[in-house]
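Below: my_file.cif (mmCIF, C-alpha atoms)
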data_coords
loop_
_atom_site.label_atom_id
_atom_site.label_comp_id
_atom_site.auth_asym_id
_atom_site.auth_seq_id
_atom_site.Cartn_x
_atom_site.Cartn_y
_atom_site.Cartn_z
CA MET A 1 105.52 119.06 130.18
CA SER A 2 102.48 121.00 128.94
CA PRO A 3 99.54 119.03 127.44
CA GLN A 4 100.41 120.53 124.05
CA GLY A 5 104.00 119.32 124.30
CA ARG A 6 102.92 115.88 125.55
CA TYR A 7 100.78 115.21 122.49
CA ARG A 8 103.11 116.86 119.99
CA ILE A 9 105.28 113.84 119.15
CA PRO A 10 102.51 111.19 118.92
CA LEU A 11 100.51 113.63 116.80
CA LEU A 12 103.50 114.26 114.54
CA ILE A 13 104.13 110.53 114.08
CA ALA A 14 100.44 109.86 113.42
CA LEU A 15 100.36 112.66 110.83
CA VAL A 16 103.45 111.38 109.03
CA LEU A 17 102.13 107.79 109.00
CA LEU A 18 98.79 109.03 107.67
CA LEU A 19 100.58 111.03 104.99
CA VAL A 20 102.76 108.09 103.92
CA PHE A 21 99.86 105.66 103.68
CA SER A 22 97.72 108.20 101.84
CA VAL A 23 100.53 108.87 99.38
CA LEU A 24 101.09 105.14 98.83
CA SER A 25 97.41 104.48 98.39
CA LEU A 26 96.95 107.42 95.99
CA SER A 27 100.04 106.35 94.09
CA LEU A 28 98.63 102.87 93.57
CA LYS A 29 95.50 104.50 92.15
CA ARG A 30 97.77 106.53 89.83
CA SER A 31 96.53 109.84 91.19
CA PRO A 32 97.24 112.81 88.86
CA VAL A 33 98.17 114.95 91.89
CA LEU A 34 101.01 112.59 92.81
CA LYS A 35 102.11 112.46 89.19
CA LYS A 36 102.41 116.24 89.39
CA VAL A 37 104.44 115.97 92.60
CA GLU A 38 106.71 113.40 90.95
CA GLY A 39 107.01 115.63 87.89
CA LEU A 40 107.83 118.60 90.08
CA VAL A 41 110.59 116.71 91.93
CA ILE A 42 112.08 115.53 88.65
CA SER A 43 111.75 118.96 87.03
CA LEU A 44 113.56 120.50 90.00
CA THR A 45 116.34 117.96 90.36
CA ALA A 46 116.94 116.71 86.81
CA PRO A 47 118.36 120.01 85.45
CA GLY A 48 121.13 119.80 88.08
CA MET A 49 121.87 116.26 86.98
CA GLU A 50 121.81 117.37 83.35
CA GLY A 51 124.19 120.23 84.08
CA LEU A 52 126.62 118.06 86.01
CA GLN A 53 126.47 115.44 83.29
CA TYR A 54 127.17 118.10 80.66
CA LEU A 55 130.07 119.42 82.72
CA GLY A 56 131.49 115.92 83.17
CA ARG A 57 131.05 115.17 79.48
CA SER A 58 132.75 118.41 78.50
CA VAL A 59 135.72 117.75 80.76
CA LYS A 60 135.93 114.18 79.49
CA GLN A 61 135.69 115.33 75.88
CA LEU A 62 138.35 117.93 76.47
CA TRP A 63 140.63 115.29 77.90
CA LEU A 64 139.89 112.55 75.39
CA GLY A 65 139.41 114.66 72.29
CA TYR A 66 142.14 117.27 72.57
CA ILE A 67 144.72 116.19 75.05
CA TYR A 68 144.81 112.42 74.88
CA LEU A 69 145.53 110.92 71.45
CA VAL A 70 143.36 113.22 69.40
CA GLU A 71 143.31 111.39 66.12
CA VAL A 72 143.34 107.81 67.43
CA ARG A 73 140.34 108.46 69.62
CA ARG A 74 138.32 109.87 66.73
CA GLN A 75 139.20 106.91 64.51
CA THR A 76 138.25 104.40 67.21
CA VAL A 77 134.91 106.05 67.79
CA GLU A 78 134.20 106.10 64.06
CA LEU A 79 135.20 102.44 63.65
CA GLU A 80 133.10 101.39 66.65
CA ARG A 81 130.14 103.23 65.20
CA GLN A 82 130.62 101.57 61.82
CA LEU A 83 130.98 98.14 63.43
CA GLU A 84 127.76 98.61 65.38
CA GLU A 85 126.00 99.74 62.22
CA TYR A 86 127.15 96.63 60.33
CA ARG A 87 126.05 94.40 63.20
CA GLN A 88 122.60 95.94 63.10
CA ARG A 89 122.53 95.60 59.33
CA GLU A 90 123.41 91.93 59.64
CA VAL A 91 120.60 91.32 62.11
CA ARG A 92 118.15 93.11 59.86
CA PHE A 93 119.41 91.16 56.84
CA GLN A 94 118.97 87.81 58.61
CA GLU A 95 115.50 88.83 59.65
CA ALA A 96 114.59 89.83 56.09
CA GLN A 97 115.99 86.58 54.69
CA GLN A 98 113.94 84.47 57.08
CA ALA A 99 110.86 86.48 56.30
CA LEU A 100 111.36 85.86 52.58
CA THR A 101 111.81 82.13 53.01
CA ARG A 102 108.52 81.88 54.88
CA LEU A 103 106.88 83.98 52.14
CA GLU A 104 105.83 86.66 54.57
CA ALA A 105 105.21 89.12 51.82
CA LEU A 106 103.48 91.51 54.14
CA LEU A 107 106.51 91.99 56.30
CA ASP A 108 107.55 95.54 55.58
CA LEU A 109 110.97 96.25 56.97
CA LYS A 110 111.04 99.66 55.38
CA ARG A 111 108.12 100.67 57.53
CA GLN A 112 110.02 99.64 60.62
CA VAL A 113 113.05 101.65 59.64
CA ALA A 114 110.92 104.62 58.69
CA LEU A 115 109.07 104.88 61.98
CA PRO A 116 108.88 108.48 63.20
CA VAL A 117 111.27 108.94 66.10
CA ILE A 118 112.49 111.60 68.54
CA GLY A 119 116.10 111.67 69.68
CA ALA A 120 116.58 111.90 73.45
CA ARG A 121 119.43 111.92 75.91
CA VAL A 122 119.42 109.81 79.06
CA ILE A 123 120.10 112.15 81.96
CA ALA A 124 119.47 110.02 85.04
CA TYR A 125 118.79 106.54 86.30
CA ASP A 126 117.09 105.18 89.37
CA PRO A 127 120.24 104.28 91.33
CA SER A 128 118.43 101.93 93.71
CA LEU A 129 118.08 98.21 93.09
CA TRP A 130 114.30 98.31 93.45
CA SER A 131 113.48 99.35 89.94
CA ARG A 132 115.23 99.95 86.63
CA SER A 133 114.24 103.21 85.04
CA ALA A 134 115.89 106.06 83.19
CA ILE A 135 114.92 109.70 82.86
CA ILE A 136 115.19 111.16 79.34
CA ASP A 137 115.28 114.82 78.38
CA GLN A 138 112.22 114.78 76.12
CA GLY A 139 108.72 115.22 77.51
CA LYS A 140 105.17 116.20 76.77
CA VAL A 141 106.29 119.44 75.12
CA GLN A 142 108.31 117.49 72.55
CA GLY A 143 105.43 115.09 71.84
CA VAL A 144 106.39 112.15 74.03
CA LYS A 145 103.46 110.10 75.31
CA GLU A 146 103.07 107.26 77.76
CA GLY A 147 103.64 103.81 76.29
CA LEU A 148 105.97 104.87 73.48
CA PRO A 149 108.85 102.45 72.87
CA VAL A 150 112.41 103.62 73.48
CA LEU A 151 115.25 102.25 71.36
CA ALA A 152 119.03 102.38 71.38
CA PRO A 153 121.21 101.61 68.35
CA GLN A 154 121.77 98.11 69.75
CA GLY A 155 118.10 97.31 70.31
CA ILE A 156 115.07 97.90 72.48
CA VAL A 157 115.63 99.72 75.76
CA GLY A 158 112.14 100.00 77.28
CA ARG A 159 109.06 102.16 77.11
CA VAL A 160 107.87 105.49 78.47
CA VAL A 161 105.80 105.09 81.65
CA GLU A 162 105.52 108.66 82.90
CA VAL A 163 105.60 111.93 80.95
CA TYR A 164 106.44 115.29 82.49
CA PRO A 165 106.59 118.65 80.70
CA GLU A 166 110.30 118.46 79.78
CA TYR A 167 111.26 114.96 80.87
CA SER A 168 109.98 111.39 80.71
CA LYS A 169 110.49 108.29 82.77
CA THR A 170 111.39 105.15 80.83
CA MET A 171 110.85 101.72 82.32
CA LEU A 172 113.75 99.58 81.11
CA ILE A 173 113.07 96.06 79.85
CA VAL A 174 114.95 94.63 82.85
CA ASP A 175 112.57 96.28 85.33
CA ARG A 176 110.49 93.76 87.26
CA LYS A 177 107.26 95.35 86.03
CA SER A 178 108.30 95.10 82.38
CA ALA A 179 106.78 92.35 80.22
CA ALA A 180 106.58 92.09 76.43
CA ASP A 181 105.78 89.52 73.80
CA ALA A 182 109.01 88.25 72.24
CA MET A 183 110.26 85.50 69.95
CA ILE A 184 113.43 83.61 69.19
CA GLN A 185 114.66 84.75 65.78
CA ARG A 186 115.94 81.34 64.63
CA THR A 187 112.95 79.19 65.51
CA ARG A 188 110.14 81.81 65.87
CA VAL A 189 109.30 80.38 69.28
CA ARG A 190 107.26 82.92 71.25
CA GLY A 191 107.35 83.78 74.92
CA ILE A 192 106.94 86.65 77.35
CA LEU A 193 110.10 88.61 78.02
CA LYS A 194 109.98 89.62 81.69
CA GLY A 195 112.38 91.88 83.51
CA LYS A 196 114.15 90.28 86.46
CA GLY A 197 115.79 93.34 88.00
CA GLY A 198 119.52 93.95 87.92
CA ASN A 199 120.60 93.55 84.31
CA ARG A 200 118.65 90.46 83.38
CA CYS A 201 115.47 89.41 81.65
CA SER A 202 113.89 86.01 81.25
CA LEU A 203 111.87 84.56 78.42
CA GLU A 204 108.95 82.85 80.09
CA PHE A 205 106.22 80.41 79.09
CA VAL A 206 108.41 78.67 76.50
CA PRO A 207 107.64 74.92 76.49
CA LYS A 208 110.47 72.49 77.18
CA ASN A 209 110.18 70.89 73.73
CA ALA A 210 110.85 74.25 72.00
CA ASP A 211 114.26 74.65 70.38
CA VAL A 212 116.12 77.43 72.22
CA GLN A 213 119.89 77.64 72.34
CA VAL A 214 122.39 79.91 74.01
CA GLY A 215 123.26 82.73 71.61
CA ASP A 216 119.83 82.87 69.93
CA LEU A 217 118.60 86.38 69.27
CA VAL A 218 115.38 87.45 71.01
CA LEU A 219 113.24 89.86 69.00
CA ALA A 220 110.04 91.78 69.62
CA SER A 221 107.16 89.82 68.14
CA GLY A 222 105.05 92.93 67.64
CA LEU A 223 102.04 90.96 68.87
CA VAL A 224 100.78 93.22 71.64
CA GLY A 225 102.05 96.29 69.89
CA LEU A 226 104.30 97.61 72.61
CA TYR A 227 107.50 97.36 70.56
CA PRO A 228 108.15 97.42 66.78
CA LYS A 229 108.27 93.90 65.36
CA GLY A 230 111.69 92.47 64.58
CA LEU A 231 113.76 94.76 66.76
CA VAL A 232 116.29 93.12 69.04
CA PHE A 233 115.72 92.67 72.78
CA GLY A 234 118.88 90.69 73.43
CA LYS A 235 120.51 87.29 73.34
CA VAL A 236 119.79 84.04 75.15
CA THR A 237 122.59 83.57 77.68
CA ALA A 238 121.25 80.50 79.49
CA ALA A 239 118.56 77.92 78.78
CA ASN A 240 117.64 75.35 81.40
CA LYS A 241 115.29 72.47 80.67
CA LYS A 242 116.06 70.50 83.83
CA ASN A 243 113.96 72.68 86.13
CA PRO A 244 110.62 71.40 87.42
CA GLY A 245 107.48 72.42 85.50
CA VAL A 246 106.50 72.50 81.87
CA PHE A 247 108.41 75.60 80.80
CA GLN A 248 112.09 76.24 80.22
CA GLU A 249 114.11 78.74 82.24
CA ILE A 250 115.61 81.07 79.65
CA GLU A 251 117.85 83.96 80.65
CA VAL A 252 118.13 86.83 78.19
CA THR A 253 120.75 89.56 78.30
CA SER A 254 119.85 92.84 76.70
CA SER A 255 121.86 93.74 73.62
CA ALA A 256 122.08 97.35 74.78
CA ASP A 257 124.04 98.20 77.91
CA LEU A 258 121.10 99.49 79.92
CA SER A 259 123.30 100.99 82.61
CA ALA A 260 125.32 103.13 80.22
CA LEU A 261 122.78 104.56 77.80
CA GLU A 262 123.49 107.98 76.39
CA GLU A 263 121.31 108.70 73.38
CA VAL A 264 118.07 106.89 72.68
CA LEU A 265 115.22 107.12 70.20
CA VAL A 266 111.58 107.39 71.20
CA VAL A 267 109.30 105.89 68.55
CA LYS A 268 106.35 108.21 68.08
CA VAL A 269 103.81 105.52 67.24
CA ALA A 270 101.63 104.76 70.23
CA ASN A 271 100.18 101.36 69.31
CA LEU A 272 102.22 99.48 66.77
CA ALA A 273 99.84 96.52 66.78
CA LEU A 274 97.13 98.56 65.08
CA SER A 275 99.24 98.95 61.97
CA GLU A 276 100.23 95.26 61.84
CA PRO A 277 98.90 93.47 58.75
CA MET B 1 114.33 123.58 111.59
CA ILE B 2 114.20 125.08 108.12
CA ALA B 3 117.94 125.77 107.85
CA PRO B 4 119.10 122.22 108.76
CA LEU B 5 116.33 120.73 106.62
CA ILE B 6 117.54 122.69 103.60
CA ALA B 7 121.17 121.86 104.35
CA PHE B 8 120.59 118.12 104.82
CA SER B 9 118.25 118.00 101.80
CA LEU B 10 121.04 119.55 99.73
CA VAL B 11 123.51 117.00 101.09
CA GLY B 12 121.00 114.28 100.15
CA LEU B 13 120.61 115.73 96.67
CA ILE B 14 124.39 115.79 96.23
CA PHE B 15 124.54 112.13 97.33
CA PHE B 16 121.80 111.33 94.83
CA TYR B 17 123.75 113.06 92.04
CA VAL B 18 126.97 111.28 93.02
CA GLN B 19 125.16 107.94 93.09
CA ASN B 20 123.66 108.61 89.69
CA LEU B 21 126.65 110.10 87.92
CA VAL B 22 129.63 108.41 89.61
CA LEU B 23 128.68 105.23 91.46
CA PHE B 24 125.92 103.85 89.23
CA PRO B 25 125.88 101.04 87.97
CA HIS B 26 129.00 99.58 89.57
CA VAL B 27 128.57 100.54 93.21
CA HIS B 28 125.26 100.36 95.07
CA LEU B 29 125.09 102.15 98.41
CA ARG B 30 122.15 103.51 100.41
CA LEU B 31 123.71 106.84 101.18
CA LEU B 32 120.38 108.64 101.54
CA SER B 33 119.17 106.05 104.05
CA LEU B 34 122.38 106.36 106.02
CA LEU B 35 122.12 110.14 106.01
CA LEU B 36 118.55 109.91 107.28
CA PHE B 37 119.60 107.50 110.05
CA TYR B 38 122.36 109.78 111.32
CA VAL B 39 120.16 112.88 111.12
CA SER B 40 117.52 110.96 113.10
CA LEU B 41 120.09 110.42 115.87
CA ARG B 42 120.16 114.20 116.36
CA PRO B 43 117.71 115.76 118.85
CA SER B 44 115.02 117.01 116.44
CA LEU B 45 112.39 114.43 115.46
CA THR B 46 110.60 116.96 113.28
CA LEU B 47 113.75 117.47 111.22
CA ALA B 48 114.16 113.69 110.78
CA LEU B 49 110.56 113.24 109.63
CA ALA B 50 110.71 116.23 107.28
CA LEU B 51 113.98 114.99 105.79
CA ASN B 52 112.40 111.56 105.39
CA LEU B 53 109.64 113.14 103.30
CA VAL B 54 112.09 115.06 101.11
CA LEU B 55 114.49 112.15 100.49
CA GLY B 56 111.69 109.61 100.13
CA CYS B 57 110.00 111.76 97.47
CA LEU B 58 113.30 112.16 95.65
CA GLU B 59 114.00 108.41 95.57
CA ASP B 60 110.42 107.47 94.66
CA SER B 61 110.18 110.04 91.86
CA TYR B 62 113.04 108.45 89.93
CA ALA B 63 111.85 104.86 90.44
CA THR B 64 109.07 102.91 88.78
CA THR B 65 107.86 101.70 92.16
CA PRO B 66 104.82 103.57 93.58
CA LEU B 67 105.42 106.94 95.22
CA GLY B 68 105.47 106.31 98.96
CA LEU B 69 107.42 103.05 98.98
CA HIS B 70 110.75 104.50 100.08
CA LEU B 71 108.92 107.16 102.03
CA GLY B 72 107.23 104.55 104.20
CA ALA B 73 110.16 102.17 104.50
CA SER B 74 112.49 104.98 105.54
CA LEU B 75 110.32 105.64 108.57
CA VAL B 76 111.83 102.43 109.97
CA LEU B 77 115.24 104.13 109.89
CA VAL B 78 113.88 107.08 111.85
CA ALA B 79 112.18 104.74 114.33
CA VAL B 80 115.30 102.62 114.93
CA ALA B 81 117.48 105.70 115.27
CA ARG B 82 115.14 107.30 117.82
CA LEU B 83 114.84 104.04 119.76
CA SER B 84 118.62 103.55 119.77
CA ARG B 85 119.11 107.12 120.85
CA ARG B 86 116.68 106.92 123.76
CA ARG B 87 117.13 103.37 125.02
CA LEU B 88 120.75 102.55 124.19
CA LEU B 89 122.30 105.98 124.62
CA LEU B 90 124.50 105.58 121.59
CA GLN B 91 127.66 107.62 121.91
CA GLN B 92 130.38 105.62 120.22
CA LEU B 93 130.79 105.48 116.47
CA GLY B 94 131.07 101.68 116.47
CA PHE B 95 127.72 101.22 118.24
CA GLN B 96 126.13 103.76 115.95
CA ALA B 97 127.40 101.82 112.92
CA VAL B 98 125.96 98.57 114.33
CA ALA B 99 122.65 100.32 114.98
CA SER B 100 122.68 101.69 111.43
CA LEU B 101 123.29 98.16 110.13
CA ALA B 102 120.26 96.92 112.06
CA ALA B 103 118.19 99.86 110.80
CA LEU B 104 119.20 99.26 107.18
CA ALA B 105 118.42 95.55 107.52
CA LEU B 106 114.99 96.36 108.95
CA GLN B 107 114.40 98.86 106.16
CA GLU B 108 115.28 96.12 103.66
CA VAL B 109 112.75 93.74 105.26
CA CYS B 110 110.16 96.50 105.15
CA LEU B 111 110.88 97.25 101.47
CA GLN B 112 110.80 93.55 100.60
CA MET B 113 107.46 93.13 102.35
CA SER B 114 105.98 96.24 100.74
CA THR B 115 107.08 95.24 97.23
CA PHE B 116 105.79 91.71 97.85
CA ILE B 117 102.41 92.97 99.11
CA LEU B 118 102.15 95.33 96.12
CA GLY B 119 102.88 92.39 93.81
CA TYR B 120 106.06 93.93 92.54
CA GLN B 121 108.43 91.04 93.20
CA PRO B 122 108.59 87.70 95.03
CA PHE B 123 109.35 87.87 98.73
CA PHE B 124 113.15 87.88 99.20
CA SER B 125 114.02 87.02 95.62
CA PRO B 126 117.18 84.92 96.00
CA ASP B 127 118.96 86.40 92.98
CA LEU B 128 119.24 89.86 94.50
CA ILE B 129 119.75 88.98 98.17
CA LYS B 130 123.53 88.85 97.84
CA VAL B 131 123.66 92.26 96.14
CA HIS B 132 121.33 93.80 98.73
CA THR B 133 123.38 92.31 101.58
CA MET B 134 126.59 93.72 100.16
CA GLU B 135 124.86 97.07 99.66
CA ILE B 136 123.70 97.18 103.29
CA LEU B 137 127.08 96.09 104.70
CA GLY B 138 128.95 98.59 102.53
CA THR B 139 126.58 101.37 103.55
CA ALA B 140 126.83 100.60 107.28
CA PHE B 141 130.62 100.55 106.96
CA LEU B 142 130.45 104.21 105.92
CA GLY B 143 128.56 105.10 109.12
CA PRO B 144 131.42 106.85 110.94
CA LEU B 145 132.06 109.06 107.91
CA MET B 146 128.39 109.95 107.74
CA HIS B 147 128.43 110.82 111.45
CA LEU B 148 131.33 113.19 110.83
CA LEU B 149 129.55 114.70 107.85
CA VAL B 150 126.32 115.30 109.79
CA GLN B 151 128.32 116.88 112.60
CA GLY B 152 130.25 118.95 110.09
CA VAL B 153 127.03 120.27 108.54
CA GLU B 154 125.68 121.15 111.99
CA ASN B 155 128.91 122.94 112.93
CA PHE B 156 128.78 124.82 109.66
CA LEU B 157 125.21 125.91 110.39
CA ARG B 158 126.22 126.99 113.90
CA ARG B 159 128.95 129.15 112.42
CA LEU B 160 126.26 130.78 110.31
CA GLY B 161 124.33 131.58 113.49
CA TRP B 162 121.86 128.67 113.70
CA ARG B 163 121.08 127.19 117.10
CA PRO B 164 118.84 124.17 117.79
CA ARG B 165 115.71 125.10 119.72
CA SER B 166 116.40 122.63 122.55
CA GLU B 167 120.07 121.90 122.74
CA PRO B 168 120.82 119.45 125.62
CA MET B 169 122.96 120.80 128.46
CA PRO B 170 126.56 119.54 128.42
CA TYR B 171 127.41 117.00 131.13
CA GLN B 172 128.96 118.45 134.28
CA PRO B 173 130.18 116.12 137.04
CA PHE B 174 129.25 116.87 140.69
CA GLY B 175 131.60 118.99 142.75
CA GLU B 176 132.87 121.19 139.98
#
Just dump the structure as structure tokens.
Amino acid sequence: MSPQGRYRIPLLIALVLLLVFSVLSLSLKRSPVLKKVEGLVISLTAPGMEGLQYLGRSVKQLWLGYIYLVEVRRQTVELERQLEEYRQREVRFQEAQQALTRLEALLDLKRQVALPVIGARVIAYDPSLWSRSAIIDQGKVQGVKEGLPVLAPQGIVGRVVEVYPEYSKTMLIVDRKSAADAMIQRTRVRGILKGKGGNRCSLEFVPKNADVQVGDLVLASGLVGLYPKGLVFGKVTAANKKNPGVFQEIEVTSSADLSALEEVLVVKVANLALSEP
Amino acid sequence: MIAPLIAFSLVGLIFFYVQNLVLFPHVHLRLLSLLLFYVSLRPSLTLALALNLVLGCLEDSYATTPLGLHLGASLVLVAVARLSRRRLLLQQLGFQAVASLAALALQEVCLQMSTFILGYQPFFSPDLIKVHTMEILGTAFLGPLMHLLVQGVENFLRRLGWRPRSEPMPYQPFGE
């Protein structure tokens, strides 16, 4: 073997290792070059995903809307939409009632409803189990910025963590890196809602003497300003006070199905805490 | 090397689309890792490393984990595949599947360690271990199919006129 050939493989391996560690290290420093690479990969691959999704949706719509029980399907969709709307209205009503009883005159629900938003379509997810993120079809060009909250009709979905020219990456509230200030609607007990991966979140740092029950609604407290105050994160599905330590173990399930999102709203207000009274 | 790299990258992209549009969120499989393992069993190391870069970038771009996490951990797959190929002379599909299981398990350990070191999650979080184990077992089970697919892609490329630079000579017994 020639000297060139002898050193070729070790050199190749050393180069690849160097590249991987450099990329990882630059990524941890949030290098703009790597953001561009990431944006390029998404810009190149997401349109294919979008096209296939559109094709699948069209075929599905053709089947469901025209061939299979045309009228019944339309009525069901309409009734489901109405039901979801009434559920949301009920939550908002309860919230307003509680606010009135505590004489929180400064609570302005109208402002919450009237937040400027952009409609977006979810076109892809991270299919691995290592993170929970979704790619939406609105980006820098449409005015999306990092940190903006993303909502679904059922409640809060997550927030924008990366913005590319035509797309954005949303970190879902169940992602392990996600954390937000939250409160129990019934008792106003506050805690930090942390993503646990999979489809679960947990409400942390809630003392054991706090009143938390299964079924309680968990809302955004609006304290840090990441999410609009009063919007729904999810419901308490388990509360354990028998664990060691001073805090309860509270499991929260998101009210929106974070694995089957279709349309979402991006709230165009960067820091909601600044406008809090 | 360019032609097989493009072909296997396209296969990887198709797997990624299928995972995203069909399998997600009900079925979790590491099809890209398995593809990389079986491509790494082929003669060209350069192709395996280049494919690792392409698929790693693709996976990392859609995740919230830092770019480079999958890229680095997937190198374990390449390493195990090359080691198995050289030392164990893997020829049978069953042995290849067992080797892929070992490679996927090592990749998992590597990913767990990386995410732990980066402060992303606790080391071997018990709540997800079962899901990850099922994912790895299910993926390794598909090994023989992946072997056929990789062979099929190579045969397809050969029909188009592509030849590997250093194709090993076929075995010929003495006296013939």
In the coordinates of the file, take the point (112.4, 100.9, 114.1) and a cut-off of 12 Å; then, counting only C-alpha atoms, name each qualifying protein, DNA or RNA residue as a PyMOL selection string. chain B and resi 37+40+72-85+99-110
Around the point (106.1, 115.6, 72.6), in the coordinates given by the file, pick out the residues reaching within 12 Å, counting only C-alpha atoms, and return them as a list in words. Val117, Ile118, Gly119, Ala120, Asp137, Gln138, Gly139, Lys140, Val141, Gln142, Gly143, Val144, Lys145, Glu146, Leu148, Val160, Val163, Tyr164, Pro165, Glu166, Tyr167, Ser168, Val266, Val267, Lys268, Val269 and Ala270 of chain A
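Once the PyMOL selection byres ((chain A and resi 46) around 10) is applied to this file, the selection holds A:Leu40, A:Val41, A:Ile42, A:Ser43, A:Leu44, A:Thr45, A:Pro47, A:Gly48, A:Met49, A:Glu50, A:Gly51, A:Leu52, A:Ile123, A:Ala124, A:Ile135, A:Ile136, A:Asp137, A:Glu166, A:Tyr167, B:Tyr17, B:Tyr62.
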Selected residues, C-alpha atoms, written as an mmCIF file, in the coordinates of the input, please.
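New file selection.cif:
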data_model
loop_
_atom_site.group_PDB
_atom_site.id
_atom_site.type_symbol
_atom_site.label_atom_id
_atom_site.label_comp_id
_atom_site.auth_asym_id
_atom_site.auth_seq_id
_atom_site.Cartn_x
_atom_site.Cartn_y
_atom_site.Cartn_z
ATOM 1 C CA LEU A 40 107.830 118.600 90.080
ATOM 2 C CA VAL A 41 110.590 116.710 91.930
ATOM 3 C CA ILE A 42 112.080 115.530 88.650
ATOM 4 C CA SER A 43 111.750 118.960 87.030
ATOM 5 C CA LEU A 44 113.560 120.500 90.000
ATOM 6 C CA THR A 45 116.340 117.960 90.360
ATOM 7 C CA PRO A 47 118.360 120.010 85.450
ATOM 8 C CA GLY A 48 121.130 119.800 88.080
ATOM 9 C CA MET A 49 121.870 116.260 86.980
ATOM 10 C CA GLU A 50 121.810 117.370 83.350
ATOM 11 C CA GLY A 51 124.190 120.230 84.080
ATOM 12 C CA LEU A 52 126.620 118.060 86.010
ATOM 13 C CA ILE A 123 120.100 112.150 81.960
ATOM 14 C CA ALA A 124 119.470 110.020 85.040
ATOM 15 C CA ILE A 135 114.920 109.700 82.860
ATOM 16 C CA ILE A 136 115.190 111.160 79.340
ATOM 17 C CA ASP A 137 115.280 114.820 78.380
ATOM 18 C CA GLU A 166 110.300 118.460 79.780
ATOM 19 C CA TYR A 167 111.260 114.960 80.870
ATOM 20 C CA TYR B 17 123.750 113.060 92.040
ATOM 21 C CA TYR B 62 113.040 108.450 89.930
#
Within 9 Å of chain B, which residues of chain A show up? Give each one with its shortest atom-to-atom distance in Å (one decimal) and the two atoms involved, counting only C-alpha atoms, rows by chain then rising residue number, as a Markdown table.
| residue | atom | partner | partner_atom | distance |
| --- | --- | --- | --- | --- |
| A:Ile9 | CA | B:Leu45 | CA | 8.0 |
| A:Leu12 | CA | B:Thr46 | CA | 7.7 |
| A:Ile13 | CA | B:Leu49 | CA | 8.3 |
| A:Val16 | CA | B:Leu49 | CA | 7.4 |
| A:Leu17 | CA | B:Gly72 | CA | 7.7 |
| A:Val20 | CA | B:Gly72 | CA | 5.7 |
| A:Phe21 | CA | B:Gly68 | CA | 7.4 |
| A:Ser22 | CA | B:Gly68 | CA | 8.5 |
| A:Val23 | CA | B:Gly68 | CA | 5.6 |
| A:Leu24 | CA | B:Gly68 | CA | 4.5 |
| A:Ser25 | CA | B:Gly68 | CA | 8.3 |
| A:Leu26 | CA | B:Leu67 | CA | 8.5 |
| A:Ser27 | CA | B:Leu67 | CA | 5.5 |
| A:Leu28 | CA | B:Pro66 | CA | 6.2 |
| A:Arg30 | CA | B:Pro66 | CA | 8.5 |
| A:Leu34 | CA | B:Leu67 | CA | 7.6 |
| A:Lys35 | CA | B:Leu67 | CA | 8.8 |
| A:Val37 | CA | B:Ser61 | CA | 8.3 |
| A:Glu38 | CA | B:Ser61 | CA | 4.9 |
| A:Gly39 | CA | B:Ser61 | CA | 7.6 |
| A:Val41 | CA | B:Leu58 | CA | 6.5 |
| A:Ile42 | CA | B:Ser61 | CA | 6.6 |
| A:Thr45 | CA | B:Leu13 | CA | 7.9 |
| A:Gly48 | CA | B:Tyr17 | CA | 8.2 |
| A:Met49 | CA | B:Tyr17 | CA | 6.3 |
| A:Leu52 | CA | B:Leu21 | CA | 8.2 |
| A:Gln53 | CA | B:Leu21 | CA | 7.1 |
| A:Gly56 | CA | B:Leu21 | CA | 8.9 |
| A:Ala124 | CA | B:Asn20 | CA | 6.4 |
| A:Tyr125 | CA | B:Asn20 | CA | 6.3 |
| A:Asp126 | CA | B:Tyr62 | CA | 5.2 |
| A:Pro127 | CA | B:Asn20 | CA | 5.8 |
| A:Ser128 | CA | B:His28 | CA | 7.1 |
| A:Leu129 | CA | B:His28 | CA | 7.8 |
| A:Trp130 | CA | B:Thr65 | CA | 7.4 |
| A:Ser131 | CA | B:Ala63 | CA | 5.8 |
| A:Arg132 | CA | B:Ala63 | CA | 7.1 |
| A:Ser133 | CA | B:Ala63 | CA | 6.1 |
| A:Ala134 | CA | B:Tyr62 | CA | 7.7 |
| A:Ile135 | CA | B:Tyr62 | CA | 7.4 |
| A:Val161 | CA | B:Thr64 | CA | 8.1 |
| A:Glu162 | CA | B:Thr64 | CA | 9.0 |
| A:Lys169 | CA | B:Tyr62 | CA | 7.6 |
| A:Thr170 | CA | B:Thr64 | CA | 8.6 |
| A:Met171 | CA | B:Thr64 | CA | 6.8 |
| A:Asp175 | CA | B:Thr64 | CA | 8.3 |
| A:Arg176 | CA | B:Gln121 | CA | 6.9 |
| A:Lys177 | CA | B:Tyr120 | CA | 6.8 |
| A:Lys196 | CA | B:Gln121 | CA | 8.9 |
| A:Gly197 | CA | B:Leu128 | CA | 8.1 |
| A:Gly198 | CA | B:Leu128 | CA | 7.8 |
| A:Ser259 | CA | B:Pro25 | CA | 5.9 |
| A:Ala260 | CA | B:Pro25 | CA | 8.0 |
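What the PyMOL selection byres ((chain B and resi 155-166) around 12) matches in the given file is Met1, Ile2, Ala3, Pro4, Leu5, Ile6, Ala7, Phe8, Arg42, Pro43, Ser44, Leu45, Thr46, Leu47, Leu148, Leu149, Val150, Gln151, Gly152, Val153, Glu154, Glu167, Pro168 and Met169 of chain B.
Counting from atom CA of Ser255 of chain A, the distance to atom CA of Ser178 of chain A is 16.2 Å.
Across the structure, atom CA of Leu219 of chain A and atom CA of Glu262 of chain A are spaced 22.1 Å apart.
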